[in-house]
$ cat run.cif   # mmCIF, C-alpha atoms (C1' of nucleotides)
data_target
#
loop_
_atom_site.label_atom_id
_atom_site.label_comp_id
_atom_site.auth_asym_id
_atom_site.auth_seq_id
_atom_site.Cartn_x
_atom_site.Cartn_y
_atom_site.Cartn_z
CA MET A 183 -13.28 28.92 38.15
CA ASN A 184 -15.69 28.29 41.00
CA ASP A 185 -16.40 24.95 39.45
CA MET A 186 -12.69 24.34 39.47
CA ILE A 187 -12.39 25.12 43.17
CA ASN A 188 -15.39 23.05 44.20
CA ASN A 189 -14.11 20.16 42.21
CA PHE A 190 -10.71 20.57 43.79
CA GLU A 191 -12.13 20.50 47.31
CA THR A 192 -14.31 17.46 46.78
CA THR A 193 -11.57 15.60 44.93
CA LEU A 194 -9.22 16.10 47.85
CA LYS A 195 -11.78 14.98 50.40
CA GLU A 196 -12.92 11.98 48.44
CA ASN A 197 -9.37 10.76 48.33
CA GLY A 198 -8.62 11.38 51.99
CA TYR A 199 -6.37 14.39 51.54
CA LYS A 200 -6.55 17.51 53.63
CA LEU A 201 -7.48 20.96 52.49
CA THR A 202 -4.50 23.07 53.48
CA VAL A 203 -3.76 26.72 52.93
CA GLN A 204 -0.76 25.82 50.77
CA ARG A 205 -2.87 23.68 48.46
CA ARG A 206 -5.47 26.40 48.14
CA VAL A 207 -2.87 29.03 47.32
CA ILE A 208 -1.22 26.87 44.69
CA LEU A 209 -4.51 26.00 43.04
CA ASN A 210 -5.54 29.62 42.93
CA LEU A 211 -2.27 30.53 41.33
CA LEU A 212 -2.74 27.91 38.67
CA ILE A 213 -6.19 29.26 37.94
CA GLU A 214 -4.94 32.82 37.88
CA HIS A 215 -2.22 31.95 35.37
CA GLU A 216 -4.05 29.31 33.44
CA GLU A 217 -2.71 30.37 30.10
CA LYS A 218 0.91 30.27 31.22
CA HIS A 219 2.41 26.74 31.45
CA LEU A 220 4.23 27.59 34.66
CA SER A 221 7.23 25.60 35.83
CA THR A 222 7.58 24.34 39.40
CA GLU A 223 10.12 27.00 40.21
CA GLU A 224 7.94 29.75 38.77
CA ILE A 225 5.02 28.51 40.80
CA TYR A 226 7.20 28.47 43.89
CA GLU A 227 8.24 32.08 43.33
CA LEU A 228 4.65 33.17 42.82
CA VAL A 229 3.39 31.30 45.87
CA LYS A 230 6.02 32.94 48.04
CA LYS A 231 4.45 36.33 47.39
CA LYS A 232 1.24 35.20 49.03
CA TYR A 233 2.65 32.71 51.47
CA PRO A 234 6.35 33.44 52.06
CA GLN A 235 7.01 30.62 54.48
CA ILE A 236 6.24 27.88 51.96
CA GLY A 237 8.94 25.36 51.11
CA LEU A 238 9.91 24.23 47.63
CA ALA A 239 9.28 20.61 48.60
CA THR A 240 5.68 21.44 49.38
CA VAL A 241 5.24 22.87 45.93
CA TYR A 242 6.72 19.75 44.38
CA ARG A 243 4.56 17.51 46.54
CA THR A 244 1.43 19.50 45.84
CA LEU A 245 1.90 19.49 42.11
CA MET A 246 2.62 15.78 42.17
CA LEU A 247 -0.61 15.26 44.09
CA PHE A 248 -2.68 17.48 41.80
CA ASP A 249 -1.27 15.60 38.84
CA LYS A 250 -2.12 12.25 40.39
CA LEU A 251 -5.65 13.43 41.09
CA GLY A 252 -6.01 14.62 37.52
CA LEU A 253 -6.50 18.25 38.51
CA ILE A 254 -3.55 19.34 36.39
CA TYR A 255 -1.45 18.01 33.53
CA LYS A 256 2.30 17.80 33.57
CA LEU A 257 3.91 19.18 30.44
CA ASP A 258 7.34 18.75 28.98
CA PHE A 259 8.62 21.30 26.53
CA ASP A 260 12.19 19.98 26.57
CA ASP A 261 13.60 22.96 28.42
CA GLY A 262 14.57 21.02 31.50
CA PHE A 263 11.60 22.04 33.60
CA SER A 264 8.37 20.31 34.45
CA ARG A 265 5.49 22.57 33.58
CA TYR A 266 1.84 22.31 34.46
CA GLU A 267 -1.53 23.37 33.20
CA LEU A 268 -4.99 23.09 34.65
CA ASN A 269 -7.19 20.25 33.57
CA LYS A 270 -10.31 22.06 32.55
CA ARG A 271 -12.59 19.15 32.13
CA GLU A 272 -14.84 20.72 29.54
CA ALA A 273 -14.59 18.38 26.60
CA ASP A 274 -14.06 21.09 24.06
CA HIS A 275 -11.03 22.55 25.73
CA ARG A 276 -8.43 19.90 25.08
CA HIS A 277 -5.59 21.12 22.97
CA HIS A 278 -2.20 20.34 21.47
CA HIS A 279 0.92 22.44 21.88
CA LEU A 280 2.85 24.15 19.13
CA ILE A 281 6.45 24.64 20.21
CA CYS A 282 8.53 27.10 18.22
CA THR A 283 12.05 25.73 17.92
CA GLN A 284 13.40 29.19 17.23
CA CYS A 285 11.97 31.44 19.93
CA GLY A 286 10.74 28.75 22.32
CA ASN A 287 7.25 30.16 22.49
CA VAL A 288 4.43 27.70 23.03
CA GLU A 289 0.95 28.19 21.69
CA GLU A 290 -2.10 26.04 21.88
CA VAL A 291 -4.31 24.65 19.19
CA ARG A 292 -7.71 23.12 19.58
CA GLU A 293 -7.47 19.40 19.17
CA ASP A 294 -9.49 17.21 16.95
CA LEU A 295 -9.32 14.28 14.60
CA LEU A 296 -7.58 11.93 17.01
CA ASP A 297 -10.69 9.93 17.85
CA SER A 298 -10.58 8.02 14.63
CA ILE A 299 -6.91 7.22 15.11
CA GLU A 300 -7.63 5.95 18.61
CA GLU A 301 -10.43 3.72 17.40
CA ASP A 302 -8.10 2.34 14.82
CA ILE A 303 -5.48 1.61 17.47
CA LEU A 304 -7.99 -0.31 19.57
CA PHE A 305 -9.03 -2.28 16.55
CA LYS A 306 -5.57 -3.05 15.23
CA ASN A 307 -3.47 -3.21 18.38
CA GLY A 308 -6.00 -4.06 21.05
CA PHE A 309 -4.64 -1.05 22.92
CA LEU A 310 -7.26 1.05 24.71
CA VAL A 311 -6.21 4.69 24.54
CA LYS A 312 -7.17 6.73 27.59
CA ASP A 313 -5.11 9.84 27.02
CA HIS A 314 -2.59 11.30 24.65
CA ARG A 315 0.04 13.97 24.29
CA VAL A 316 0.73 15.69 21.03
CA LYS A 317 3.48 18.20 20.46
CA PHE A 318 4.21 19.93 17.18
CA TYR A 319 7.62 21.44 16.63
CA GLY A 320 8.24 24.12 14.02
CA LEU A 321 8.34 27.82 13.36
CA CYS A 322 5.74 30.19 14.71
CA LYS A 323 4.22 32.89 12.58
CA HIS A 324 6.40 35.59 14.05
CA CYS A 325 9.64 33.69 13.49
CA ARG A 326 8.64 32.71 10.00
CA GLU A 327 8.05 36.31 9.06
CA SER A 328 11.21 37.70 10.63
CA THR A 329 13.66 35.29 9.03
CA ASP A 330 14.41 34.15 5.53
CA GLU A 331 13.40 30.51 5.09
CA MET B 1253 21.53 -1.06 7.92
CA ASN B 1254 24.44 -0.49 5.56
CA ASP B 1255 22.63 2.58 4.35
CA MET B 1256 22.41 3.63 7.95
CA ILE B 1257 26.16 3.27 8.47
CA ASN B 1258 27.09 5.06 5.26
CA ASN B 1259 24.78 7.88 6.10
CA PHE B 1260 26.26 8.07 9.58
CA GLU B 1261 29.79 8.31 8.26
CA THR B 1262 29.04 10.98 5.70
CA THR B 1263 26.92 12.98 8.11
CA LEU B 1264 29.76 13.07 10.61
CA LYS B 1265 32.30 14.10 8.00
CA GLU B 1266 30.11 16.73 6.43
CA ASN B 1267 29.73 18.39 9.79
CA GLY B 1268 33.39 18.24 10.70
CA TYR B 1269 33.15 15.50 13.29
CA LYS B 1270 35.53 12.60 13.54
CA LEU B 1271 34.79 8.97 13.07
CA THR B 1272 35.87 7.34 16.32
CA VAL B 1273 35.65 3.78 17.51
CA GLN B 1274 33.30 4.81 20.30
CA ARG B 1275 30.86 6.42 17.88
CA ARG B 1276 30.92 3.38 15.64
CA VAL B 1277 30.26 1.02 18.52
CA ILE B 1278 27.36 3.09 19.81
CA LEU B 1279 25.78 3.38 16.38
CA ASN B 1280 26.07 -0.34 15.82
CA LEU B 1281 24.43 -1.00 19.14
CA LEU B 1282 21.54 1.26 18.26
CA ILE B 1283 21.11 -0.57 14.97
CA GLU B 1284 21.34 -3.94 16.67
CA HIS B 1285 18.66 -3.01 19.18
CA GLU B 1286 16.55 -0.84 16.97
CA GLU B 1287 13.27 -2.07 18.32
CA LYS B 1288 14.23 -1.42 21.93
CA HIS B 1289 14.04 2.29 22.97
CA LEU B 1290 17.24 2.00 24.98
CA SER B 1291 18.06 4.45 27.74
CA THR B 1292 21.46 6.10 28.03
CA GLU B 1293 22.42 3.89 30.93
CA GLU B 1294 21.35 0.76 29.08
CA ILE B 1295 23.38 1.82 26.09
CA TYR B 1296 26.36 2.46 28.34
CA GLU B 1297 26.11 -1.03 29.82
CA LEU B 1298 25.87 -2.60 26.38
CA VAL B 1299 28.76 -0.59 25.00
CA LYS B 1300 30.98 -1.66 27.88
CA LYS B 1301 30.72 -5.26 26.75
CA LYS B 1302 32.39 -4.40 23.47
CA TYR B 1303 34.51 -1.50 24.62
CA PRO B 1304 35.01 -1.70 28.40
CA GLN B 1305 37.11 1.42 28.76
CA ILE B 1306 34.35 3.75 27.54
CA GLY B 1307 33.16 6.49 29.88
CA LEU B 1308 29.56 7.36 30.60
CA ALA B 1309 30.18 10.95 29.54
CA THR B 1310 31.19 9.77 26.09
CA VAL B 1311 27.91 7.95 25.73
CA TYR B 1312 26.00 11.06 26.76
CA ARG B 1313 28.02 13.23 24.40
CA THR B 1314 27.67 10.81 21.53
CA LEU B 1315 23.92 10.48 21.89
CA MET B 1316 23.59 14.25 22.14
CA LEU B 1317 25.59 14.56 18.93
CA PHE B 1318 23.62 11.89 17.08
CA ASP B 1319 20.43 13.61 18.16
CA LYS B 1320 21.68 16.97 16.94
CA LEU B 1321 22.63 15.44 13.61
CA GLY B 1322 19.23 13.86 13.29
CA LEU B 1323 20.59 10.32 13.30
CA ILE B 1324 18.46 9.39 16.30
CA TYR B 1325 15.39 10.65 18.12
CA LYS B 1326 15.24 11.32 21.82
CA LEU B 1327 12.20 9.83 23.49
CA ASP B 1328 10.57 10.51 26.80
CA PHE B 1329 8.31 7.88 28.30
CA ASP B 1330 8.06 9.61 31.68
CA ASP B 1331 10.14 7.05 33.50
CA GLY B 1332 12.96 9.42 34.30
CA PHE B 1333 15.28 8.26 31.55
CA SER B 1334 16.11 9.66 28.17
CA ARG B 1335 15.61 7.00 25.57
CA TYR B 1336 16.60 6.91 21.94
CA GLU B 1337 15.59 5.31 18.71
CA LEU B 1338 17.17 5.32 15.29
CA ASN B 1339 15.90 7.75 12.73
CA LYS B 1340 15.19 5.49 9.83
CA ARG B 1341 14.58 8.05 7.19
CA GLU B 1342 12.28 5.94 5.07
CA ALA B 1343 9.13 8.01 4.96
CA ASP B 1344 6.82 5.13 5.75
CA HIS B 1345 8.50 4.21 8.98
CA ARG B 1346 7.46 7.06 11.22
CA HIS B 1347 5.38 5.94 14.13
CA HIS B 1348 3.66 6.93 17.35
CA HIS B 1349 4.16 5.28 20.71
CA LEU B 1350 1.56 3.49 22.77
CA ILE B 1351 2.54 3.56 26.42
CA CYS B 1352 0.76 1.15 28.74
CA THR B 1353 0.15 2.87 32.04
CA GLN B 1354 -0.18 -0.45 33.81
CA CYS B 1355 2.82 -2.52 32.73
CA GLY B 1356 4.93 0.27 31.24
CA ASN B 1357 5.40 -1.52 27.96
CA VAL B 1358 5.76 0.63 24.86
CA GLU B 1359 4.64 -0.41 21.43
CA GLU B 1360 4.72 1.37 18.15
CA VAL B 1361 1.99 2.18 15.73
CA ARG B 1362 2.35 3.32 12.17
CA GLU B 1363 1.53 6.96 11.95
CA ASP B 1364 -0.85 8.62 9.59
CA LEU B 1365 -3.51 11.27 9.33
CA LEU B 1366 -1.48 14.06 10.87
CA ASP B 1367 -0.76 15.80 7.59
CA SER B 1368 -4.19 17.32 7.37
CA ILE B 1369 -3.95 18.57 10.96
CA GLU B 1370 -0.60 20.18 10.17
CA GLU B 1371 -1.96 21.91 7.10
CA ASP B 1372 -4.75 23.24 9.19
CA ILE B 1373 -2.32 24.56 11.77
CA LEU B 1374 -0.37 26.42 9.12
CA PHE B 1375 -3.56 27.90 7.77
CA LYS B 1376 -5.10 28.89 11.07
CA ASN B 1377 -2.07 29.65 13.24
CA GLY B 1378 0.59 30.53 10.70
CA PHE B 1379 2.73 27.94 12.44
CA LEU B 1380 4.85 25.78 10.15
CA VAL B 1381 5.08 22.29 11.60
CA LYS B 1382 8.38 20.54 10.97
CA ASP B 1383 8.11 17.64 13.39
CA HIS B 1384 5.81 16.20 15.98
CA ARG B 1385 5.67 13.82 18.91
CA VAL B 1386 2.59 11.82 19.68
CA LYS B 1387 2.17 9.60 22.71
CA PHE B 1388 -0.92 7.59 23.53
CA TYR B 1389 -1.44 6.43 27.10
CA GLY B 1390 -3.73 3.55 27.94
CA LEU B 1391 -3.98 -0.16 28.50
CA CYS B 1392 -2.25 -2.64 26.25
CA LYS B 1393 -4.01 -5.73 25.03
CA HIS B 1394 -2.34 -7.97 27.56
CA CYS B 1395 -3.23 -5.78 30.53
CA ARG B 1396 -6.78 -5.33 29.32
CA GLU B 1397 -7.26 -9.07 29.15
CA SER B 1398 -5.69 -9.89 32.49
CA THR B 1399 -7.69 -7.42 34.57
CA ASP B 1400 -11.33 -6.60 35.02
CA GLU B 1401 -12.08 -3.17 33.54
"C1'" DA C 977 -6.31 12.58 69.32
"C1'" DT C 978 -5.07 10.92 65.07
"C1'" DT C 979 -3.52 11.39 60.69
"C1'" DC C 980 -1.84 13.75 57.20
"C1'" DA C 981 1.02 17.83 55.63
"C1'" DT C 982 4.75 21.04 56.01
"C1'" DG C 983 9.46 23.09 56.10
"C1'" DC C 984 14.06 22.35 56.30
"C1'" DA C 985 18.13 20.25 54.98
"C1'" DA C 986 20.32 16.48 53.21
"C1'" DA C 987 20.36 13.02 49.79
"C1'" DT C 988 19.39 11.37 44.94
"C1'" DC C 989 20.40 10.75 40.43
"C1'" DG C 990 20.42 11.76 35.58
"C1'" DT C 991 23.19 14.73 33.11
"C1'" DT C 992 26.88 18.19 32.16
"C1'" DT C 993 31.48 20.06 32.36
"C1'" DG C 994 36.68 21.01 33.11
"C1'" DC C 995 40.77 19.31 31.89
"C1'" DA C 996 44.83 16.62 30.69
"C1'" DA C 997 45.82 12.84 27.78
"C1'" DC C 998 44.66 10.92 23.14
"C1'" DC C 999 43.80 10.03 18.50
"C1'" DC C 1000 41.65 10.75 13.96
"C1'" DA C 1001 42.28 13.54 9.67
"C1'" DT D 225 50.80 18.66 13.64
"C1'" DG D 226 46.44 20.21 15.70
"C1'" DG D 227 41.82 20.38 16.71
"C1'" DG D 228 38.18 17.44 17.79
"C1'" DT D 229 37.47 13.50 21.40
"C1'" DT D 230 37.84 10.79 25.37
"C1'" DG D 231 37.86 9.23 30.32
"C1'" DC D 232 37.80 10.62 34.79
"C1'" DA D 233 36.12 13.01 38.48
"C1'" DA D 234 33.92 16.80 40.10
"C1'" DA D 235 30.04 19.87 39.56
"C1'" DC D 236 25.16 20.69 38.47
"C1'" DG D 237 20.47 21.09 39.15
"C1'" DA D 238 15.87 19.44 39.24
"C1'" DT D 239 13.49 16.53 42.18
"C1'" DT D 240 12.90 13.47 46.21
"C1'" DT D 241 13.14 12.09 50.94
"C1'" DG D 242 13.79 11.75 56.24
"C1'" DC D 243 12.26 13.66 60.11
"C1'" DA D 244 10.56 16.54 63.72
"C1'" DT D 245 7.01 20.01 64.01
"C1'" DG D 246 2.48 21.74 62.91
"C1'" DA D 247 -2.21 21.82 61.14
"C1'" DA D 248 -6.67 19.70 59.60
"C1'" DT D 249 -10.44 16.63 60.65
#
$ encode --input "run.cif" --output "structure tokens"
Amino acid sequence: MNDMINNFETTLKENGYKLTVQRRVILNLLIEHEEKHLSTEEIYELVKKKYPQIGLATVYRTLMLFDKLGLIYKLDFDDGFSRYELNKREADHRHHHLICTQCGNVEEVREDLLDSIEEDILFKNGFLVKDHRVKFYGLCKHCRESTDE
Amino acid sequence: MNDMINNFETTLKENGYKLTVQRRVILNLLIEHEEKHLSTEEIYELVKKKYPQIGLATVYRTLMLFDKLGLIYKLDFDDGFSRYELNKREADHRHHHLICTQCGNVEEVREDLLDSIEEDILFKNGFLVKDHRVKFYGLCKHCRESTDE
DNA sequence: ATTCATGCAAATCGTTTGCAACCCA
DNA sequence: TGGGTTGCAAACGATTTGCATGAAT
């Protein structure tokens, strides 16, 4: 988490952006709730507790900036909201999302096995993969057990 | 393509929906442009050429219905538009999308290798995968060749 | 002092909805 | 006939933007 914050500060500076209270507060919130997949509105509500005078537009602009700088990832779980999660750069922390179509819960699963597919794509399509998004839709354990079929 | 249309007609009937001119026209358009990933607005513009009196809301409602019935898939390429592609049920036609972050072009790549990941997910997470979405971001062949790096 | 960032409110824009007229089954 | 469907226009709602003020470097 301190790594996260140092990285955040240097990334901002290197790119000519200023270190404002609002940006600090939002980053801290994202760290504090890193397991949550918060939506913009949820982040806004949480920020207001620590910094009541903040405007929604600032939250939108900040998240857009963090996303552009690669500090966070934008997620889309088809519920009409943009959601975000921290980009923890440690290589072994990338993951896919399992979205339960019954209860809407989202869990994470360690990712693997895509490297060979990506090599194949470069070889066959000449397309150089730099990132990917994988979503699995289905029934979570809880929903499978509490319904027939 | 005739399979497609027969399936469309029976699917509608089986679910108690009516076979209207508008729905026919939209389905035909999707078949005609199956390689295109058309957005709702693009579909609307195309439909108007054959059926000028159609309303945008009908296009939205029709696509929503087709999606619900599994006749089409909704796609999201992060450009602010909902896009759609036909669901060709043939098992060997599923594919992933390669999105070029430079020129925005989207190409398709035959999918494979996910089955073992999905088995693993069921085993480790108890989550039963029924569908998935995979997007690869990167540089297409053309963009790689026309720029340094 | 300069430049970027913020807060507010208004504007955007893709999408949804209410409703009377319509049309398939 | 009668219930799903359509077209129109109005409503929605997440996100963006213009602008004057304020803060960071």
$ atom_distance --input "run.cif" --atom1 "CA of Asp1330 (chain B)" --atom2 "CA of Leu1317 (chain B)"
22.2 Å
$ resolve_selection --input "run.cif" --expression "the PyMOL selection byres ((chain B) within 7 of (chain A))" --output "number ranges by chain"
B: 1378-1393
$ closest_residue --input "run.cif" --among "A:Asn184, A:Tyr266, A:Gly252, A:Tyr242" --to "His215 (chain A)" --atoms "only C-alpha atoms"
A:Tyr266
$ resolve_selection --input "run.cif" --expression "the PyMOL selection byres ((chain A) within 8 of (chain C))" --output "PyMOL selection string"
chain A and resi 199-200+202+236-237+239-240
$ interface_residues --input "run.cif" --of "chain D" --to "chain B" --cutoff "9 Å" --atoms "all atoms listed in the file" --output "list in words"
DG228, DT229, DT230, DG231 and DC232 of chain D
$ write_last_selection --input "run.cif" --atoms "C-alpha atoms (C1' of nucleotides)" --output "compact mmCIF listing (two decimals), in the coordinates of the input"
# COMPACT_ATOMS: atom_id res chain seq x y z
C1' DG D 228 38.18 17.44 17.79
C1' DT D 229 37.47 13.50 21.40
C1' DT D 230 37.84 10.79 25.37
C1' DG D 231 37.86 9.23 30.32
C1' DC D 232 37.80 10.62 34.79
$ resolve_selection --input "run.cif" --expression "the PyMOL selection byres ((chain B and resi 1323) around 10)" --output "list in words"
Met1256, Asn1259, Phe1260, Thr1263, Leu1264, Leu1279, Leu1315, Leu1317, Phe1318, Asp1319, Lys1320, Leu1321, Gly1322, Ile1324, Tyr1325, Glu1337, Leu1338, Asn1339, Lys1340 and Arg1341 of chain B
